[in-house]
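As stored in start.csv (CSV, C-alpha atoms (C1' of nucleotides)):
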```csv
chain,number,residue,atom,x,y,z
A,17,MET,CA,-66.3,-36.9,27.4
A,18,SER,CA,-69.2,-34.6,26.8
A,19,GLU,CA,-69.7,-33.0,23.4
A,20,GLY,CA,-69.5,-29.5,24.8
A,21,LEU,CA,-66.1,-30.2,26.5
A,22,LYS,CA,-64.8,-31.8,23.3
A,23,LYS,CA,-65.8,-28.8,21.2
A,24,ALA,CA,-64.4,-26.4,23.8
A,25,ARG,CA,-61.0,-28.2,23.8
A,26,THR,CA,-60.9,-28.1,20.0
A,27,ARG,CA,-61.8,-24.4,20.0
A,28,PHE,CA,-59.1,-23.8,22.6
A,29,VAL,CA,-56.4,-25.6,20.6
A,30,SER,CA,-57.3,-23.8,17.4
A,31,THR,CA,-57.6,-20.4,19.0
A,32,TRP,CA,-54.1,-20.8,20.5
A,33,GLY,CA,-52.8,-21.8,17.1
A,34,GLU,CA,-54.3,-18.9,15.3
A,35,MET,CA,-53.1,-16.4,17.9
A,36,ALA,CA,-49.6,-17.8,17.8
A,37,SER,CA,-49.3,-17.6,14.0
A,38,GLN,CA,-50.1,-13.9,14.3
A,39,TRP,CA,-47.2,-13.5,16.7
A,40,GLY,CA,-44.6,-15.3,14.5
A,41,ILE,CA,-44.8,-18.7,16.2
A,42,ASN,CA,-45.4,-21.9,14.4
A,43,LYS,CA,-49.1,-22.8,14.4
A,44,THR,CA,-48.6,-26.5,15.2
A,45,MET,CA,-46.2,-25.7,18.0
A,46,ALA,CA,-48.9,-23.6,19.5
A,47,ARG,CA,-51.5,-26.3,19.0
A,48,VAL,CA,-49.4,-28.9,20.7
A,49,HIS,CA,-48.9,-26.5,23.6
A,50,ALA,CA,-52.6,-25.8,23.8
A,51,LEU,CA,-53.4,-29.5,23.7
A,52,LEU,CA,-51.0,-30.1,26.7
A,53,MET,CA,-52.4,-27.1,28.5
A,54,ALA,CA,-55.9,-28.4,28.1
A,55,SER,CA,-55.0,-31.8,29.2
A,56,ASP,CA,-54.6,-32.7,32.9
A,57,ALA,CA,-52.6,-35.9,32.3
A,58,ALA,CA,-49.2,-36.0,30.5
A,59,LEU,CA,-49.6,-37.2,26.9
A,60,SER,CA,-47.4,-39.5,24.8
A,61,VAL,CA,-46.2,-38.6,21.3
A,62,ASP,CA,-48.7,-41.0,19.8
A,63,GLU,CA,-51.6,-39.4,21.7
A,64,ILE,CA,-50.5,-36.0,20.5
A,65,MET,CA,-50.1,-37.3,16.9
A,66,ALA,CA,-53.6,-38.7,17.0
A,67,ALA,CA,-55.2,-35.7,18.6
A,68,LEU,CA,-53.8,-33.2,16.1
A,69,SER,CA,-53.5,-35.5,13.0
A,70,ILE,CA,-49.8,-34.7,12.6
A,71,SER,CA,-46.8,-36.9,11.7
A,72,ARG,CA,-44.3,-38.3,14.2
A,73,GLY,CA,-41.6,-36.1,12.8
A,74,ASN,CA,-43.6,-33.0,13.1
A,75,ALA,CA,-44.7,-33.8,16.7
A,76,SER,CA,-41.1,-34.6,17.7
A,77,MET,CA,-39.7,-31.3,16.3
A,78,ASN,CA,-42.4,-29.2,17.9
A,79,LEU,CA,-42.1,-30.9,21.3
A,80,ARG,CA,-38.4,-30.4,21.1
A,81,ALA,CA,-38.9,-26.7,20.4
A,82,LEU,CA,-41.4,-26.4,23.2
A,83,THR,CA,-39.0,-28.0,25.7
A,84,ASP,CA,-36.3,-25.7,24.5
A,85,TRP,CA,-38.6,-22.8,25.3
A,86,GLY,CA,-39.2,-24.2,28.7
A,87,LEU,CA,-42.9,-24.5,28.1
A,88,VAL,CA,-43.2,-28.3,28.2
A,89,ARG,CA,-41.4,-31.0,30.3
A,90,ARG,CA,-40.7,-34.6,29.5
A,91,VAL,CA,-41.9,-36.9,32.2
A,92,SER,CA,-41.7,-40.6,32.9
A,93,VAL,CA,-44.8,-42.5,33.8
A,94,GLY,CA,-44.2,-45.5,36.1
A,95,SER,CA,-41.7,-48.0,34.7
A,96,GLU,CA,-42.7,-47.3,31.0
A,97,ARG,CA,-39.9,-46.7,28.5
A,98,ARG,CA,-42.1,-44.3,26.5
A,99,GLU,CA,-41.9,-40.6,27.3
A,100,TYR,CA,-44.7,-38.4,28.2
A,101,PHE,CA,-45.1,-34.7,27.9
A,102,GLN,CA,-46.8,-32.2,30.1
A,103,SER,CA,-47.0,-28.4,29.9
A,104,GLU,CA,-46.1,-25.8,32.5
A,105,LYS,CA,-49.4,-25.3,34.1
A,106,ASP,CA,-48.9,-21.9,35.8
A,107,VAL,CA,-49.8,-19.3,33.2
A,108,TRP,CA,-47.6,-16.7,34.8
A,109,ASN,CA,-44.6,-18.9,34.7
A,110,MET,CA,-45.4,-19.6,31.1
A,111,CYS,CA,-45.6,-15.9,30.3
A,112,CYS,CA,-42.2,-15.4,32.0
A,113,ARG,CA,-40.6,-18.1,30.0
A,114,ILE,CA,-41.9,-16.7,26.7
A,115,ALA,CA,-40.7,-13.2,27.7
A,116,ARG,CA,-37.3,-14.5,28.6
A,117,GLU,CA,-36.9,-16.5,25.3
A,118,ARG,CA,-38.1,-13.7,23.0
A,119,LYS,CA,-35.9,-11.2,24.8
A,120,LYS,CA,-32.9,-13.4,24.3
A,121,ARG,CA,-33.7,-14.6,20.7
A,122,GLU,CA,-35.1,-11.5,19.2
A,123,ILE,CA,-34.7,-8.3,21.1
A,124,GLU,CA,-31.0,-8.6,22.0
A,125,PRO,CA,-29.9,-9.2,18.3
A,126,VAL,CA,-31.9,-6.1,17.2
A,127,ILE,CA,-30.1,-4.0,19.8
A,128,GLY,CA,-26.8,-5.2,18.4
A,129,ALA,CA,-27.9,-4.4,14.9
A,130,LEU,CA,-29.1,-0.9,15.7
A,131,GLU,CA,-25.8,-0.2,17.5
A,132,GLU,CA,-24.0,-1.3,14.4
A,133,CYS,CA,-26.1,1.1,12.3
A,134,LEU,CA,-25.1,4.0,14.5
A,135,ARG,CA,-21.5,3.1,14.2
A,136,GLU,CA,-21.7,2.7,10.4
A,137,ALA,CA,-23.5,5.9,9.9
A,138,GLY,CA,-20.5,7.9,11.0
A,139,ASP,CA,-20.7,11.3,12.6
A,140,GLY,CA,-21.1,13.7,9.7
A,141,LYS,CA,-23.7,16.4,9.3
A,142,GLU,CA,-25.3,14.4,6.5
A,143,SER,CA,-26.2,11.5,8.7
A,144,GLU,CA,-27.5,13.6,11.6
A,145,ALA,CA,-31.2,12.9,11.1
A,146,PHE,CA,-30.7,9.2,10.5
A,147,ARG,CA,-28.6,9.0,13.7
A,148,LYS,CA,-31.2,10.8,15.7
A,149,ARG,CA,-34.0,8.5,14.6
A,150,THR,CA,-31.9,5.4,15.1
A,151,ALA,CA,-30.9,6.5,18.5
A,152,GLU,CA,-34.5,7.1,19.6
A,153,LEU,CA,-35.5,3.7,18.3
A,154,LEU,CA,-32.6,2.0,20.0
A,155,GLU,CA,-33.7,3.7,23.3
A,156,LEU,CA,-37.2,2.3,22.8
A,157,VAL,CA,-36.0,-1.2,22.1
A,158,ARG,CA,-33.7,-1.1,25.1
A,159,THR,CA,-36.6,0.0,27.2
A,160,LEU,CA,-38.7,-2.9,25.9
A,161,ASP,CA,-35.8,-5.2,26.6
A,162,PHE,CA,-35.5,-3.9,30.2
A,163,VAL,CA,-39.2,-4.4,30.8
A,164,LEU,CA,-39.2,-7.9,29.4
A,165,GLY,CA,-36.1,-8.6,31.5
A,166,LYS,CA,-38.0,-7.6,34.6
A,167,LEU,CA,-41.0,-9.6,33.6
A,168,ALA,CA,-38.8,-12.7,33.0
A,169,GLN,CA,-36.8,-12.3,36.2
A,170,GLN,CA,-39.0,-14.0,38.7
A,171,GLU,CA,-40.8,-17.3,38.6
A,172,LYS,CA,-43.6,-16.2,40.8
A,173,ASN,CA,-43.8,-12.9,39.2
A,174,ALA,CA,-43.8,-10.0,41.6
A,175,VAL,CA,-43.6,-7.3,39.0
A,176,MET,CA,-46.9,-7.5,37.3
A,177,PRO,CA,-49.1,-7.0,40.4
A,178,ARG,CA,-47.3,-3.8,41.2
A,179,VAL,CA,-47.4,-2.5,37.6
A,180,LEU,CA,-51.1,-3.3,37.5
A,181,THR,CA,-51.7,-1.4,40.8
A,182,LEU,CA,-49.9,1.6,39.3
A,183,LEU,CA,-51.9,1.4,36.0
A,184,LYS,CA,-55.2,1.0,37.7
A,185,ALA,CA,-54.5,4.0,39.9
A,186,MET,CA,-54.0,6.1,36.7
A,187,SER,CA,-57.5,5.3,35.4
B,25,MET,CA,-24.3,10.1,0.3
B,26,SER,CA,-21.4,8.5,2.1
B,27,GLU,CA,-20.8,4.8,1.8
B,28,GLY,CA,-21.1,4.3,5.5
B,29,LEU,CA,-24.5,6.0,5.7
B,30,LYS,CA,-25.7,4.0,2.7
B,31,LYS,CA,-24.7,0.8,4.4
B,32,ALA,CA,-26.2,1.9,7.7
B,33,ARG,CA,-29.6,2.6,6.1
B,34,THR,CA,-29.6,-0.7,4.3
B,35,ARG,CA,-28.8,-2.5,7.6
B,36,PHE,CA,-31.5,-0.5,9.3
B,37,VAL,CA,-34.1,-1.5,6.7
B,38,SER,CA,-33.2,-5.1,6.7
B,39,THR,CA,-33.0,-5.3,10.5
B,40,TRP,CA,-36.5,-3.9,10.8
B,41,GLY,CA,-37.7,-6.4,8.2
B,42,GLU,CA,-36.2,-9.4,10.0
B,43,MET,CA,-37.5,-8.3,13.3
B,44,ALA,CA,-41.0,-7.8,12.0
B,45,SER,CA,-41.2,-11.2,10.4
B,46,GLN,CA,-40.4,-12.7,13.7
B,47,TRP,CA,-43.4,-10.9,15.1
B,48,GLY,CA,-45.9,-11.9,12.5
B,49,ILE,CA,-45.7,-8.8,10.4
B,50,ASN,CA,-45.0,-8.8,6.6
B,51,LYS,CA,-41.3,-8.3,6.0
B,52,THR,CA,-41.9,-5.9,3.1
B,53,MET,CA,-44.3,-3.8,5.1
B,54,ALA,CA,-41.6,-3.4,7.7
B,55,ARG,CA,-39.0,-2.6,5.2
B,56,VAL,CA,-41.1,0.2,3.7
B,57,HIS,CA,-41.7,1.5,7.2
B,58,ALA,CA,-38.0,1.4,8.0
B,59,LEU,CA,-37.2,3.1,4.7
B,60,LEU,CA,-39.6,6.0,5.5
B,61,MET,CA,-38.3,6.2,9.1
B,62,ALA,CA,-34.8,6.5,7.9
B,63,SER,CA,-35.7,9.1,5.4
B,64,ASP,CA,-36.1,12.7,6.3
B,65,ALA,CA,-38.1,13.7,3.2
B,66,ALA,CA,-41.4,12.1,2.2
B,67,LEU,CA,-41.0,9.5,-0.6
B,68,SER,CA,-43.0,8.8,-3.7
B,69,VAL,CA,-44.2,5.3,-4.6
B,70,ASP,CA,-41.7,5.2,-7.4
B,71,GLU,CA,-38.8,6.1,-5.1
B,72,ILE,CA,-39.9,3.4,-2.6
B,73,MET,CA,-40.2,0.8,-5.5
B,74,ALA,CA,-36.7,1.7,-6.6
B,75,ALA,CA,-35.1,1.7,-3.2
B,76,LEU,CA,-36.5,-1.7,-2.2
B,77,SER,CA,-36.8,-3.3,-5.6
B,78,ILE,CA,-40.4,-4.1,-5.3
B,79,SER,CA,-43.3,-3.9,-7.7
B,80,ARG,CA,-45.9,-1.1,-7.8
B,81,GLY,CA,-48.6,-3.4,-6.6
B,82,ASN,CA,-46.6,-4.6,-3.6
B,83,ALA,CA,-45.6,-1.0,-2.7
B,84,SER,CA,-49.2,0.1,-3.0
B,85,MET,CA,-50.6,-2.7,-0.8
B,86,ASN,CA,-48.0,-2.2,1.9
B,87,LEU,CA,-48.4,1.5,2.0
B,88,ARG,CA,-52.1,1.1,2.3
B,89,ALA,CA,-51.6,-1.4,5.2
B,90,LEU,CA,-49.1,1.1,6.9
B,91,THR,CA,-51.6,4.0,6.7
B,92,ASP,CA,-54.3,1.7,8.0
B,93,TRP,CA,-52.1,1.0,11.0
B,94,GLY,CA,-51.5,4.8,11.4
B,95,LEU,CA,-47.8,4.4,11.0
B,96,VAL,CA,-47.5,6.3,7.7
B,97,ARG,CA,-49.2,9.4,6.3
B,98,ARG,CA,-49.9,10.5,2.7
B,99,VAL,CA,-48.7,14.0,2.0
B,100,SER,CA,-48.9,16.4,-0.9
B,101,VAL,CA,-45.8,18.1,-2.0
B,102,GLY,CA,-46.4,21.6,-3.6
B,103,SER,CA,-48.8,21.5,-6.5
B,104,GLU,CA,-47.8,18.0,-7.7
B,105,ARG,CA,-50.5,15.5,-8.4
B,106,ARG,CA,-48.3,12.6,-7.2
B,107,GLU,CA,-48.6,11.5,-3.6
B,108,TYR,CA,-45.8,11.2,-1.2
B,109,PHE,CA,-45.5,9.2,2.0
B,110,GLN,CA,-43.9,9.9,5.3
B,111,SER,CA,-43.7,7.9,8.5
B,112,GLU,CA,-44.7,8.9,12.0
B,113,LYS,CA,-41.4,10.2,13.3
B,114,ASP,CA,-42.0,10.0,17.1
B,115,VAL,CA,-41.1,6.5,18.1
B,116,TRP,CA,-43.3,6.5,21.2
B,117,ASN,CA,-46.3,7.5,19.1
B,118,MET,CA,-45.4,4.7,16.7
B,119,CYS,CA,-45.3,2.3,19.6
B,120,CYS,CA,-48.7,3.4,20.8
B,121,ARG,CA,-50.3,2.9,17.4
B,122,ILE,CA,-48.9,-0.6,17.1
B,123,ALA,CA,-50.1,-1.4,20.6
B,124,ARG,CA,-53.6,-0.1,19.8
B,125,GLU,CA,-53.9,-2.0,16.5
B,126,ARG,CA,-52.6,-5.3,17.8
B,127,LYS,CA,-54.9,-5.0,20.8
B,128,LYS,CA,-57.9,-4.4,18.6
B,129,ARG,CA,-57.0,-7.0,15.9
B,130,GLU,CA,-55.6,-9.8,17.9
B,131,ILE,CA,-56.1,-9.7,21.6
B,132,GLU,CA,-59.8,-8.8,21.7
B,133,PRO,CA,-60.8,-11.7,19.4
B,134,VAL,CA,-58.8,-14.1,21.6
B,135,ILE,CA,-60.7,-12.9,24.7
B,136,GLY,CA,-63.9,-13.6,22.9
B,137,ALA,CA,-62.8,-17.1,21.8
B,138,LEU,CA,-61.7,-18.0,25.3
B,139,GLU,CA,-65.0,-16.8,26.8
B,140,GLU,CA,-66.7,-19.0,24.3
B,141,CYS,CA,-64.5,-22.0,25.3
B,142,LEU,CA,-65.6,-21.5,28.9
B,143,ARG,CA,-69.3,-21.3,27.9
B,144,GLU,CA,-69.0,-24.5,25.8
B,145,ALA,CA,-67.2,-26.5,28.4
B,146,GLY,CA,-70.3,-26.5,30.6
B,147,ASP,CA,-70.1,-26.7,34.4
B,148,GLY,CA,-69.7,-30.4,35.1
B,149,LYS,CA,-67.1,-32.0,37.3
B,150,GLU,CA,-65.5,-33.5,34.2
B,151,SER,CA,-64.5,-30.1,32.7
B,152,GLU,CA,-63.3,-28.6,36.0
B,153,ALA,CA,-59.6,-28.7,35.3
B,154,PHE,CA,-60.1,-27.4,31.7
B,155,ARG,CA,-62.2,-24.6,33.0
B,156,LYS,CA,-59.7,-23.6,35.6
B,157,ARG,CA,-56.8,-23.4,33.2
B,158,THR,CA,-58.9,-21.6,30.6
B,159,ALA,CA,-60.0,-19.1,33.2
B,160,GLU,CA,-56.4,-18.4,34.3
B,161,LEU,CA,-55.4,-17.9,30.7
B,162,LEU,CA,-58.3,-15.6,30.1
B,163,GLU,CA,-57.3,-13.5,33.1
B,164,LEU,CA,-53.7,-13.3,31.7
B,165,VAL,CA,-54.9,-12.2,28.3
B,166,ARG,CA,-57.3,-9.7,29.8
B,167,THR,CA,-54.4,-8.3,31.8
B,168,LEU,CA,-52.3,-8.0,28.7
B,169,ASP,CA,-55.2,-6.3,27.0
B,170,PHE,CA,-55.5,-3.8,29.8
B,171,VAL,CA,-51.8,-3.0,29.8
B,172,LEU,CA,-51.8,-2.5,26.0
B,173,GLY,CA,-54.9,-0.4,26.3
B,174,LYS,CA,-53.1,1.9,28.8
B,175,LEU,CA,-50.0,2.1,26.6
B,176,ALA,CA,-52.2,3.0,23.6
B,177,GLN,CA,-54.2,5.5,25.5
B,178,GLN,CA,-52.1,8.6,25.2
B,179,GLU,CA,-50.3,10.1,22.3
B,180,LYS,CA,-47.5,11.6,24.3
B,181,ASN,CA,-47.3,8.6,26.5
B,182,ALA,CA,-47.4,9.3,30.2
B,183,VAL,CA,-47.6,5.7,31.3
B,184,MET,CA,-44.2,4.3,30.4
B,185,PRO,CA,-42.1,6.8,32.4
B,186,ARG,CA,-44.0,5.9,35.6
B,187,VAL,CA,-43.8,2.2,34.9
B,188,LEU,CA,-40.1,2.5,34.3
B,189,THR,CA,-39.6,4.4,37.5
B,190,LEU,CA,-41.4,1.7,39.4
B,191,LEU,CA,-39.4,-1.1,37.7
B,192,LYS,CA,-36.1,0.7,38.2
B,193,ALA,CA,-36.9,1.1,41.9
B,194,MET,CA,-37.3,-2.7,42.1
B,195,SER,CA,-33.8,-3.5,40.9
C,16,DT,C1',-23.4,-57.4,23.4
C,17,DC,C1',-27.7,-57.4,21.0
C,18,DA,C1',-32.6,-57.0,20.1
C,19,DT,C1',-36.0,-54.0,21.0
C,20,DA,C1',-38.7,-50.0,21.5
C,21,DC,C1',-38.6,-45.9,21.1
C,22,DT,C1',-36.9,-40.7,19.2
C,23,DT,C1',-34.8,-37.7,15.9
C,24,DT,C1',-33.4,-36.1,11.5
C,25,DC,C1',-33.8,-34.4,6.9
C,26,DA,C1',-34.7,-34.6,1.8
C,27,DA,C1',-38.7,-34.5,-0.7
C,28,DT,C1',-43.3,-32.8,-0.8
C,29,DA,C1',-47.2,-30.0,0.3
C,30,DT,C1',-49.1,-25.9,1.9
C,31,DA,C1',-49.3,-21.0,2.8
C,32,DT,C1',-47.8,-16.5,2.0
C,33,DT,C1',-46.1,-12.9,-0.7
C,34,DC,C1',-45.1,-10.6,-5.0
C,35,DT,C1',-45.7,-9.2,-9.7
C,36,DG,C1',-47.6,-6.6,-13.4
C,37,DA,C1',-51.2,-5.8,-16.5
C,38,DA,C1',-55.9,-4.3,-16.3
C,39,DA,C1',-59.3,-1.7,-14.0
C,40,DG,C1',-60.3,2.2,-11.3
C,41,DT,C1',-60.1,7.2,-9.9
C,42,DA,C1',-59.3,12.1,-9.5
C,43,DT,C1',-57.8,16.3,-11.7
C,44,DG,C1',-57.9,20.2,-14.5
C,45,DA,C1',-58.6,21.8,-19.3
D,19,DT,C1',-66.9,15.7,-20.7
D,20,DC,C1',-62.4,13.8,-21.8
D,21,DA,C1',-57.5,12.9,-21.7
D,22,DT,C1',-54.2,12.4,-18.5
D,23,DA,C1',-51.5,11.0,-14.7
D,24,DC,C1',-51.7,8.7,-11.3
D,25,DT,C1',-53.4,4.5,-7.7
D,26,DT,C1',-55.4,0.1,-6.7
D,27,DT,C1',-56.7,-4.6,-7.4
D,28,DC,C1',-56.2,-9.4,-8.1
D,29,DA,C1',-55.1,-13.8,-10.7
D,30,DG,C1',-51.2,-16.3,-11.5
D,31,DA,C1',-46.3,-17.0,-10.5
D,32,DA,C1',-42.6,-17.1,-7.2
D,33,DT,C1',-41.0,-17.8,-2.8
D,34,DA,C1',-40.9,-19.2,1.9
D,35,DT,C1',-42.4,-22.2,5.4
D,36,DA,C1',-44.2,-26.3,7.4
D,37,DT,C1',-45.0,-31.3,7.1
D,38,DT,C1',-44.3,-36.0,6.0
D,39,DG,C1',-42.3,-40.5,6.6
D,40,DA,C1',-38.7,-43.5,6.0
D,41,DA,C1',-34.0,-44.1,7.5
D,42,DA,C1',-30.7,-43.2,11.0
D,43,DG,C1',-29.8,-42.7,15.7
D,44,DT,C1',-30.2,-43.9,20.7
D,45,DA,C1',-31.1,-45.9,25.2
D,46,DT,C1',-32.6,-49.8,27.8
D,47,DG,C1',-32.5,-54.1,30.0
D,48,DA,C1',-31.8,-59.1,29.2
```

Take the structure I supplied and represent it as structure tokens, if you would.
Amino acid sequence: MSEGLKKARTRFVSTWGEMASQWGINKTMARVHALLMASDAALSVDEIMAALSISRGNASMNLRALTDWGLVRRVSVGSERREYFQSEKDVWNMCCRIARERKKREIEPVIGALEECLREAGDGKESEAFRKRTAELLELVRTLDFVLGKLAQQEKNAVMPRVLTLLKAMS
Amino acid sequence: MSEGLKKARTRFVSTWGEMASQWGINKTMARVHALLMASDAALSVDEIMAALSISRGNASMNLRALTDWGLVRRVSVGSERREYFQSEKDVWNMCCRIARERKKREIEPVIGALEECLREAGDGKESEAFRKRTAELLELVRTLDFVLGKLAQQEKNAVMPRVLTLLKAMS
DNA sequence: TCATACTTTCAATATATTCTGAAAGTATGA
DNA sequence: TCATACTTTCAGAATATATTGAAAGTATGA
């Protein structure tokens, strides 16, 4: 493999890792994901361990997390016992899956907690300002939830193109 | 203050903190932000320190970060020397500011890095698959950047209502 | 059923991030 | 200018998070 391509792959893997850690995702999980995205063939655990210099346990945990997120699939190659892994290659599908998971894991619990805040605050004059602010925030989070839900709805996403058309028309 | 309201505020502050740490934001920064959002009056550093049981240095650093993000303002109260802090109260404005900052700090550097990957990969047959995938990802990230840019453009946001109308029509 | 070839788990360890608090810095008004 | 009343900084300490690797678990096919 050419030097340039090697460097480019390395940059790709570490860029994805850096980005992920700014968004609350484990850096190694993102590096594994990036490695699989950058690789045409499916990779075995041993290949992944070697490429990223990580332990078997670490690789196993992060591959499990990535399959839970629906970003990576296990595949069998020929008659081999060993399992191989490959990433979802369609970037829009990938985006949908991430949207779906973060909605479920993070946004929905926040909605529940904010609703609980409103209930707890009671209905006195004293808590009026707090209730108002909490209610506005709740509305905002619900809107975000709705948008993410739409984004996550379709595999071949039909929503984005239309949103983009609208946004571009507003320029 | 009623017990219920006290509990509700505490829940509000810790919910915001938990959520933030899942999104790559310092938990204390988010708790300070939540405290100010939940409070009608502007608060002094000492009040914030007491409410969250944090040190002066920690409070100072996080207030600085919040003002850099444009989420919190310093205000003077009467003729006092001491400074007070209050949060942006409009949740849509808040959302715009966050979008603007994350676009600038995180999305734009990733676009640069992906462009560099494409350049480094060269144009041989060997790197074709890698280039294709990187280019698709770059397009996705650019789209996200564009959408965030639109969202961040206006103070009183005119974009969201129209996007929502479109999405609701697609239900 | 058993030996084999693999995967997963988790306690101990390493690493990264955040927090503290005292010292340094800064602005105000007398 | 100086004393004062505050704010900021940053090295070291505390805490939280991620990683290792050996032991336990599991599936396969002979």

Each chain A residue no farther than 6 Å from chain B, nearest pair in Å, all atoms listed in the file, as JSON lines:
```
{"residue": "A:Gly20", "atom": "CA", "partner": "B:Glu144", "partner_atom": "CA", "distance": 5.1}
{"residue": "A:Leu21", "atom": "CA", "partner": "B:Ala145", "partner_atom": "CA", "distance": 4.3}
{"residue": "A:Ala24", "atom": "CA", "partner": "B:Cys141", "partner_atom": "CA", "distance": 4.6}
{"residue": "A:Gln38", "atom": "CA", "partner": "B:Gly48", "partner_atom": "CA", "distance": 5.0}
{"residue": "A:Trp39", "atom": "CA", "partner": "B:Gly48", "partner_atom": "CA", "distance": 4.7}
{"residue": "A:Gly40", "atom": "CA", "partner": "B:Gly48", "partner_atom": "CA", "distance": 4.2}
{"residue": "A:Ala54", "atom": "CA", "partner": "B:Phe154", "partner_atom": "CA", "distance": 5.6}
{"residue": "A:Cys133", "atom": "CA", "partner": "B:Ala32", "partner_atom": "CA", "distance": 4.7}
{"residue": "A:Glu136", "atom": "CA", "partner": "B:Gly28", "partner_atom": "CA", "distance": 5.2}
{"residue": "A:Ala137", "atom": "CA", "partner": "B:Leu29", "partner_atom": "CA", "distance": 4.3}
{"residue": "A:Phe146", "atom": "CA", "partner": "B:Ala62", "partner_atom": "CA", "distance": 5.6}
```

Write out, as JSON lines, each residue of chain D that has an atom at most 8 Å from chain B, together with the closest pair of atoms and their distance in Å to one decimal, counting all atoms listed in the file, rows going by chain and rising number.
```
{"residue": "D:DA23", "atom": "C1'", "partner": "B:Arg105", "partner_atom": "CA", "distance": 7.8}
{"residue": "D:DC24", "atom": "C1'", "partner": "B:Arg106", "partner_atom": "CA", "distance": 6.6}
{"residue": "D:DT25", "atom": "C1'", "partner": "B:Ser84", "partner_atom": "CA", "distance": 7.7}
{"residue": "D:DT26", "atom": "C1'", "partner": "B:Ser84", "partner_atom": "CA", "distance": 7.2}
```

Between atom CA of A:Arg47 and atom CA of A:Gly33, what is the spacing in Å?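 Between atom CA of A:Gly33 and atom CA of A:Arg47 the gap works out to 5.1 Å.
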
I need the contact residues of chain B against chain C, so if you could list those with any atom within 10 Å, counting only C-alpha atoms (C1' of nucleotides), and return them as a ChimeraX atom specification, that would help. /B:50-52,78-83,105

Contacts of B:Leu60 within 8 Å, all atoms listed in the file, excl. fewer than 6 positions in-chain, as a PyMOL selection string: chain B and resi 66-67+109-111

Would you compute the distance between atom CA of A:Val48 and atom CA of A:Ala81? Give it in Å to one decimal. 10.7 Å

Considering only C-alpha atoms, can you say which of A:His49, A:Leu68, A:Arg116, A:Ser60 comes closest to A:Leu87?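 Checking each candidate against A:Leu87, we get A:His49 as the closest.
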